[in-house]
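J.: Contents are CSV, C-alpha atoms and all ligand atoms; file name data09.csv:
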```
chain,number,residue,atom,x,y,z
A,1105,MET,CA,10.6,-1.9,30.0
A,1106,THR,CA,8.2,0.9,28.9
A,1107,SER,CA,8.3,-0.3,25.3
A,1108,VAL,CA,7.4,-3.8,26.5
A,1109,LEU,CA,4.5,-2.2,28.3
A,1110,CYS,CA,3.4,-0.4,25.2
A,1111,ILE,CA,3.5,-3.5,23.1
A,1112,TYR,CA,1.5,-5.3,25.8
A,1113,LEU,CA,-1.1,-2.5,25.9
A,1114,PHE,CA,-1.2,-2.5,22.1
A,1115,LEU,CA,-2.0,-6.2,22.1
A,1116,VAL,CA,-4.6,-5.7,24.8
A,1117,LEU,CA,-6.3,-2.9,22.9
A,1118,HIS,CA,-6.4,-5.0,19.7
A,1119,LEU,CA,-7.9,-8.0,21.5
A,1120,GLN,CA,-10.8,-5.9,22.6
A,1121,VAL,CA,-13.6,-5.9,20.2
A,1122,ALA,CA,-14.4,-2.6,18.5
A,1123,SER,CA,-17.8,-2.0,19.8
A,1124,ARG,CA,-18.8,0.5,17.2
A,1125,TYR,CA,-17.5,2.6,14.5
A,1126,PHE,CA,-18.1,6.1,13.4
A,1127,ALA,CA,-16.3,8.9,11.6
A,1128,VAL,CA,-15.7,12.5,12.7
A,1129,ALA,CA,-15.7,15.0,9.8
A,1130,ALA,CA,-12.8,17.3,9.9
A,1131,ASP,CA,-12.5,18.7,6.5
A,1132,VAL,CA,-14.3,18.4,3.2
A,1133,ASN,CA,-12.0,15.6,2.0
A,1134,ASP,CA,-10.4,14.3,5.1
A,1135,GLU,CA,-11.7,12.7,8.2
A,1136,VAL,CA,-10.5,10.8,11.2
A,1137,LYS,CA,-11.8,7.3,11.4
A,1138,VAL,CA,-12.7,6.4,14.9
A,1139,ASP,CA,-13.0,2.9,16.3
A,1140,VAL,CA,-14.1,2.7,19.9
A,1141,LEU,CA,-12.1,0.0,21.6
A,1142,PHE,CA,-13.4,0.4,25.1
A,1143,MET,CA,-16.3,2.3,26.5
A,1144,PRO,CA,-16.6,2.7,30.3
A,1145,GLU,CA,-20.0,1.9,31.8
A,1146,ASN,CA,-20.3,5.3,33.3
A,1147,CYS,CA,-19.5,8.4,31.4
A,1148,SER,CA,-19.3,11.4,33.8
A,1149,GLN,CA,-18.3,14.0,31.2
A,1150,LYS,CA,-17.5,13.9,27.5
A,1151,SER,CA,-14.6,15.8,26.1
A,1152,GLY,CA,-15.2,19.0,24.1
A,1153,LYS,CA,-13.2,21.9,22.6
A,1154,GLY,CA,-11.3,23.9,25.2
A,1155,ASP,CA,-11.4,21.1,27.8
A,1156,LEU,CA,-8.2,20.2,29.7
A,1157,VAL,CA,-7.7,16.6,29.0
A,1158,ASN,CA,-5.2,14.0,30.1
A,1159,ALA,CA,-4.4,11.1,27.8
A,1160,HIS,CA,-1.9,8.5,26.7
A,1161,TYR,CA,-1.5,8.0,23.0
A,1162,ASP,CA,0.7,5.7,20.9
A,1163,GLY,CA,1.4,6.3,17.2
A,1164,TYR,CA,1.8,3.7,14.5
A,1165,LEU,CA,2.3,3.8,10.8
A,1166,ALA,CA,-0.7,2.4,9.0
A,1167,LYS,CA,1.3,0.8,6.3
A,1168,ASP,CA,3.3,-1.6,8.4
A,1169,GLY,CA,2.1,-1.1,12.0
A,1170,SER,CA,5.5,0.1,13.2
A,1171,LYS,CA,5.4,2.3,16.3
A,1172,PHE,CA,6.8,5.8,16.0
A,1173,TYR,CA,5.6,7.3,19.2
A,1174,CYS,CA,4.6,6.1,22.7
A,1175,SER,CA,3.6,8.7,25.3
A,1176,ARG,CA,4.4,6.1,28.0
A,1177,SER,CA,8.0,6.2,27.1
A,1178,VAL,CA,8.5,10.0,27.1
A,1179,LYS,CA,8.4,12.5,30.0
A,1180,ASP,CA,8.7,9.7,32.6
A,1181,GLY,CA,5.7,8.0,31.2
A,1182,HIS,CA,3.2,10.5,32.4
A,1183,PRO,CA,0.0,10.9,30.4
A,1184,GLN,CA,0.0,13.9,28.1
A,1185,TRP,CA,-1.8,16.9,29.4
A,1186,PHE,CA,-3.3,19.4,26.9
A,1187,VAL,CA,-6.2,21.6,26.0
A,1188,LEU,CA,-8.4,19.9,23.4
A,1189,GLY,CA,-9.3,21.4,20.0
A,1190,ILE,CA,-6.9,24.3,19.9
A,1191,GLY,CA,-3.8,22.9,18.1
A,1192,GLN,CA,-1.7,21.8,21.0
A,1193,VAL,CA,-1.6,18.4,19.5
A,1194,LEU,CA,-1.9,17.1,15.9
A,1195,LYS,CA,-5.1,18.0,14.2
A,1196,GLY,CA,-6.1,14.3,13.9
A,1197,LEU,CA,-5.8,14.0,17.7
A,1198,ASP,CA,-7.7,17.3,18.3
A,1199,VAL,CA,-10.6,15.9,16.2
A,1200,GLY,CA,-10.3,12.3,17.2
A,1201,LEU,CA,-10.5,12.9,20.9
A,1202,MET,CA,-13.7,14.9,20.8
A,1203,GLY,CA,-16.8,13.6,22.6
A,1204,MET,CA,-14.7,11.0,24.5
A,1205,CYS,CA,-15.4,9.7,28.0
A,1206,PRO,CA,-12.8,9.4,30.7
A,1207,GLY,CA,-11.6,5.8,30.6
A,1208,GLU,CA,-12.6,5.3,26.9
A,1209,LYS,CA,-10.1,3.9,24.5
A,1210,ARG,CA,-10.1,4.6,20.8
A,1211,LYS,CA,-8.2,3.7,17.7
A,1212,LEU,CA,-7.9,6.7,15.4
A,1213,THR,CA,-6.9,6.3,11.7
A,1214,VAL,CA,-5.6,9.7,10.6
A,1215,PRO,CA,-4.9,10.8,7.0
A,1216,PRO,CA,-1.6,12.6,6.3
A,1217,SER,CA,-3.4,15.9,5.9
A,1218,LEU,CA,-4.4,15.8,9.6
A,1219,ALA,CA,-1.1,14.2,10.8
A,1220,PHE,CA,2.4,14.9,9.4
A,1221,GLY,CA,1.4,16.0,5.9
A,1222,ALA,CA,3.1,15.7,2.6
A,1223,LYS,CA,6.5,16.2,4.1
A,1224,GLY,CA,6.2,13.8,7.0
A,1225,LYS,CA,8.4,14.1,10.1
A,1226,ALA,CA,11.1,11.6,10.9
A,1227,PRO,CA,10.5,8.7,11.5
A,1228,VAL,CA,7.1,9.3,9.9
A,1229,PRO,CA,7.6,9.2,6.1
A,1230,PRO,CA,5.9,11.7,3.6
A,1231,ASN,CA,2.2,11.3,3.0
A,1232,ALA,CA,1.7,8.7,5.8
A,1233,THR,CA,-1.6,7.6,7.2
A,1234,VAL,CA,-1.0,7.1,10.9
A,1235,ILE,CA,-2.9,5.2,13.6
A,1236,PHE,CA,-3.2,6.4,17.2
A,1237,GLU,CA,-4.2,4.2,20.1
A,1238,VAL,CA,-5.6,6.6,22.7
A,1239,GLU,CA,-6.8,6.3,26.2
A,1240,LEU,CA,-8.4,9.3,27.9
A,1241,TYR,CA,-7.9,9.6,31.6
A,1242,SER,CA,-9.6,12.8,32.6
A,1243,VAL,CA,-11.6,15.7,31.3
A,1244,SER,CA,-11.8,19.0,33.1
A,1245,ARG,CA,-14.4,21.4,31.7
A,1246,GLY,CA,-13.5,24.7,30.3
A,1247,PRO,CA,-10.1,25.2,32.0
A,1248,ARG,CA,-9.6,28.5,30.3
A,1249,THR,CA,-12.7,30.2,31.6
A,1250,LEU,CA,-12.7,32.8,34.3
A,1251,GLU,CA,-14.9,30.5,36.4
A,1252,ALA,CA,-12.3,27.8,36.3
A,1253,PHE,CA,-9.5,30.2,37.1
A,1254,LYS,CA,-11.4,31.6,40.1
A,1255,GLU,CA,-12.2,28.1,41.3
A,1256,MET,CA,-8.5,27.2,41.2
A,1257,ASP,CA,-7.3,30.5,42.7
A,1258,GLN,CA,-8.3,29.7,46.3
A,1259,ASP,CA,-6.6,32.7,48.0
A,1260,GLN,CA,-7.8,35.0,45.2
A,1261,ASP,CA,-4.5,36.6,44.6
A,1262,ASP,CA,-4.9,36.3,40.8
A,1263,SER,CA,-2.2,33.7,40.4
A,1264,LEU,CA,-2.2,30.0,40.5
A,1265,THR,CA,0.4,28.1,42.5
A,1266,GLU,CA,1.3,24.4,42.1
A,1267,VAL,CA,-0.7,23.7,45.3
A,1268,GLU,CA,-3.8,25.4,43.9
A,1269,ILE,CA,-3.6,23.6,40.6
A,1270,ARG,CA,-3.0,20.3,42.3
A,1271,GLN,CA,-6.0,20.7,44.6
A,1272,TYR,CA,-8.2,21.6,41.7
A,1273,LEU,CA,-7.2,18.5,39.7
A,1274,LYS,CA,-7.8,16.3,42.8
A,1275,SER,CA,-11.2,17.9,43.4
A,1276,GLN,CA,-12.1,17.2,39.7
A,1277,ASP,CA,-11.0,13.6,40.0
A,1278,LEU,CA,-12.9,13.2,43.3
A,1279,LYS,CA,-16.0,14.7,41.6
A,1280,ASN,CA,-15.8,12.7,38.4
A,1281,GLU,CA,-14.4,9.4,39.6
A,1282,GLY,CA,-15.1,9.3,43.3
A,1283,LYS,CA,-11.4,9.1,44.2
A,1284,THR,CA,-8.1,10.8,43.7
A,1285,LYS,CA,-5.0,9.3,41.9
A,1286,GLU,CA,-1.5,8.8,43.4
A,1287,GLU,CA,0.4,11.8,44.3
A,1288,THR,CA,3.1,11.1,41.7
A,1289,PHE,CA,0.4,11.4,39.0
A,1290,TYR,CA,-0.3,15.0,40.1
A,1291,ASP,CA,3.4,15.7,40.4
A,1292,GLY,CA,3.8,15.0,36.7
A,1293,VAL,CA,0.7,16.8,35.6
A,1294,VAL,CA,1.3,20.0,37.6
A,1295,LYS,CA,4.9,20.1,36.3
A,1296,ASP,CA,3.6,19.7,32.7
A,1297,VAL,CA,1.0,22.4,33.1
A,1298,LEU,CA,3.6,24.9,34.4
A,1299,ARG,CA,6.2,23.9,31.8
A,1300,ARG,CA,3.6,24.7,29.0
A,1301,ASN,CA,2.1,27.8,30.5
A,1302,ASP,CA,4.4,29.6,32.9
A,1303,ALA,CA,5.9,32.0,30.5
A,1304,ASP,CA,7.9,34.1,33.0
A,1305,ARG,CA,9.0,31.0,34.9
A,1306,ASP,CA,8.1,32.3,38.3
A,1307,GLY,CA,6.5,29.1,39.3
A,1308,THR,CA,2.9,30.4,39.2
A,1309,LEU,CA,0.3,31.1,36.5
A,1310,SER,CA,-1.0,34.6,36.2
A,1311,VAL,CA,-4.3,35.3,34.5
A,1312,LYS,CA,-2.5,36.3,31.4
A,1313,GLU,CA,-0.4,33.1,31.3
A,1314,TYR,CA,-3.5,31.1,31.9
A,1315,ASN,CA,-5.5,32.8,29.2
A,1316,VAL,CA,-3.1,32.2,26.4
A,1317,TYR,CA,-5.9,31.8,23.9
A,1318,GLY,CA,-7.3,35.3,24.5
A,1319,HIS,CA,-10.8,34.2,25.5
A,1320,ASP,CA,-13.1,37.2,26.0
A,1321,GLU,CA,-14.3,36.1,29.4
A,1322,LEU,CA,-10.9,36.7,31.0
B,1,CA,CA,-3.6,32.0,44.1
B,2,CA,CA,4.2,32.9,35.9
```
Turn the structure described in the file into structure tokens.

T.:
Amino acid sequence: MTSVLCIYLFLVLHLQVASRYFAVAADVNDEVKVDVLFMPENCSQKSGKGDLVNAHYDGYLAKDGSKFYCSRSVKDGHPQWFVLGIGQVLKGLDVGLMGMCPGEKRKLTVPPSLAFGAKGKAPVPPNATVIFEVELYSVSRGPRTLEAFKEMDQDQDDSLTEVEIRQYLKSQDLKNEGKTKEETFYDGVVKDVLRRNDADRDGTLSVKEYNVYGHDEL
């Protein structure tokens, strides 16, 4: 069922006319080619380095269009939740999702050097150019700053509970989109945030766990 959905969405994305094209420089020799497939009318906040973003992305091999990854078919189909620009995802995604609006859809053509390299990673063969169809759902500004931590930590006990993280995400959606999403959406996101960051597995995030990148401001 989920793979059918992915194929459907793939077709939908391809039927939409690429409204513009531009390239984002990533290295001297390599760059990610960005085709904007859909641009929402209103752009509340563009993504930048260090932002907490939520996105779906499907990966295809450029040479034959075969799909090797679909984020809708893993982890119960919840959109992937990661901090942009710090290596939590492939370099090509880190670069290709920059400056993106919530609701925007892009097609990213990523050279091997910014994807799976000379060795590849099964089922992606060596030296493969890959294509990602990405849809950005939400952008939260500077989640790893002290301001964001304090904003989330409502009872000011220097730790973030599931409830506090959930309320923060909802408040962000309310601010950016005028409404919140379904509760099951937040269930998945909160679980993912804790899975990635709760090092001592006590169910809450300490300042240290939250500040895994060692920013000075924390
Ligand atoms: Ca707290
Ligand atoms: Ca913890």

J.: For CA of Ala1232 in chain A and CA of Val1214 in chain A, determine how far apart the two atoms are, in Å to one decimal place.

T.: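 If I compute the distance from CA of Ala1232 in chain A to CA of Val1214 in chain A, I get 8.8 Å.
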
J.: When the cut-off is 10 Å and you count all atoms listed in the file, which residues lie near ligand CA 1 (chain B), shown as a ChimeraX atom specification?

T.: /A:1253-1269,1308-1310

J.: Pick out the residues no farther than 7 Å from ligand CA 2 (chain B), counting all atoms listed in the file, and list them as an mmCIF file with C-alpha atoms, in the coordinates of the input.

T.:
```cif
data_model
loop_
_atom_site.group_PDB
_atom_site.id
_atom_site.type_symbol
_atom_site.label_atom_id
_atom_site.label_comp_id
_atom_site.auth_asym_id
_atom_site.auth_seq_id
_atom_site.Cartn_x
_atom_site.Cartn_y
_atom_site.Cartn_z
ATOM 1 C CA ASP A 1302 4.400 29.600 32.900
ATOM 2 C CA ALA A 1303 5.900 32.000 30.500
ATOM 3 C CA ASP A 1304 7.900 34.100 33.000
ATOM 4 C CA ARG A 1305 9.000 31.000 34.900
ATOM 5 C CA ASP A 1306 8.100 32.300 38.300
ATOM 6 C CA GLY A 1307 6.500 29.100 39.300
ATOM 7 C CA THR A 1308 2.900 30.400 39.200
ATOM 8 C CA LEU A 1309 0.300 31.100 36.500
ATOM 9 C CA SER A 1310 -1.000 34.600 36.200
ATOM 10 C CA GLU A 1313 -0.400 33.100 31.300
#
```

J.: One number please: CA of Thr1233 in chain A to CA of Ala1166 in chain A, in Å, one decimal.

T.: 5.6 Å

J.: Please measure the separation of CA of Phe1220 in chain A and CA of Asp1198 in chain A, giving the value in Å to one decimal.

T.: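 The value is 13.7 Å.
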
J.: Counting only C-alpha atoms, which of A:Gly1207, A:Pro1216, A:Pro1144, A:Pro1227 gets nearest to Leu1194 in chain A?

T.: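 Of A:Gly1207, A:Pro1216, A:Pro1144, A:Pro1227, the one nearest Leu1194 in chain A, counting only C-alpha atoms, is A:Pro1216.
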
J.: Counting all atoms listed in the file, figure out which residue out of A:Ser1148, A:Ser1170, A:Gln1271, A:Asn1280 gets nearest to Ile1235 in chain A.

T.: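 Among the listed residues, the smallest separation from Ile1235 in chain A belongs to A:Ser1170.
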
J.: Near Tyr1290 in chain A, within 10 Å and counting all atoms listed in the file, which residues show up once chain neighbours fewer than 5 positions away are dropped, as a ChimeraX atom specification?

T.: /A:1182,1266,1269-1271,1273-1274,1284-1285,1295-1296

J.: Excluding same-chain residues fewer than 5 positions from Ser1244 in chain A, what lies within 7 Å of it counting only C-alpha atoms, as a ChimeraX atom specification?

T.: /A:1155-1157,1276

J.: Those same residues, written as a CSV table (one decimal), in the frame of the given file with C-alpha atoms?

T.:
```csv
chain,number,residue,atom,x,y,z
A,1155,ASP,CA,-11.4,21.1,27.8
A,1156,LEU,CA,-8.2,20.2,29.7
A,1157,VAL,CA,-7.7,16.6,29.0
A,1276,GLN,CA,-12.1,17.2,39.7
```

J.: Choose the residue, out of A:Gln1184, A:Asn1146, A:Ser1175, A:Ser1151, that has the smallest atom-to-atom separation from Gly1292 in chain A; count all atoms listed in the file.

T.: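 Ranking A:Gln1184, A:Asn1146, A:Ser1175, A:Ser1151 by distance to Gly1292 in chain A, first place goes to A:Gln1184.
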
J.: Can you work out which one of A:Tyr1161, A:Lys1150, A:Tyr1314, A:Pro1229 has the shortest atom-to-atom distance to Pro1206 in chain A, counting all atoms listed in the file?

T.: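 Using all atoms listed in the file, the shortest distance to Pro1206 in chain A belongs to A:Lys1150.
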
J.: List every protein, DNA or RNA residue that has at least one atom no more than 7 Å from (-9.4, 3.5, 16.9) in the file's coordinates, counting all atoms listed in the file, and write the result as a list of chain:residue names.

T.: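 With a cut-off of 7 Å, the residues come to A:Val1138, A:Asp1139, A:Val1140, A:Leu1141, A:Arg1210, A:Lys1211, A:Leu1212, A:Thr1213, A:Phe1236, A:Glu1237.
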
J.: Please, could you write that set of residues out with C-alpha atoms as a PDB file, in the frame of the given file?

T.:
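Now in result_21.pdb:
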```pdb
ATOM      1  CA  VAL A1138     -12.700   6.400  14.900  1.00  0.00           C
ATOM      2  CA  ASP A1139     -13.000   2.900  16.300  1.00  0.00           C
ATOM      3  CA  VAL A1140     -14.100   2.700  19.900  1.00  0.00           C
ATOM      4  CA  LEU A1141     -12.100   0.000  21.600  1.00  0.00           C
ATOM      5  CA  ARG A1210     -10.100   4.600  20.800  1.00  0.00           C
ATOM      6  CA  LYS A1211      -8.200   3.700  17.700  1.00  0.00           C
ATOM      7  CA  LEU A1212      -7.900   6.700  15.400  1.00  0.00           C
ATOM      8  CA  THR A1213      -6.900   6.300  11.700  1.00  0.00           C
ATOM      9  CA  PHE A1236      -3.200   6.400  17.200  1.00  0.00           C
ATOM     10  CA  GLU A1237      -4.200   4.200  20.100  1.00  0.00           C
TER      11      GLU A1237
END
```
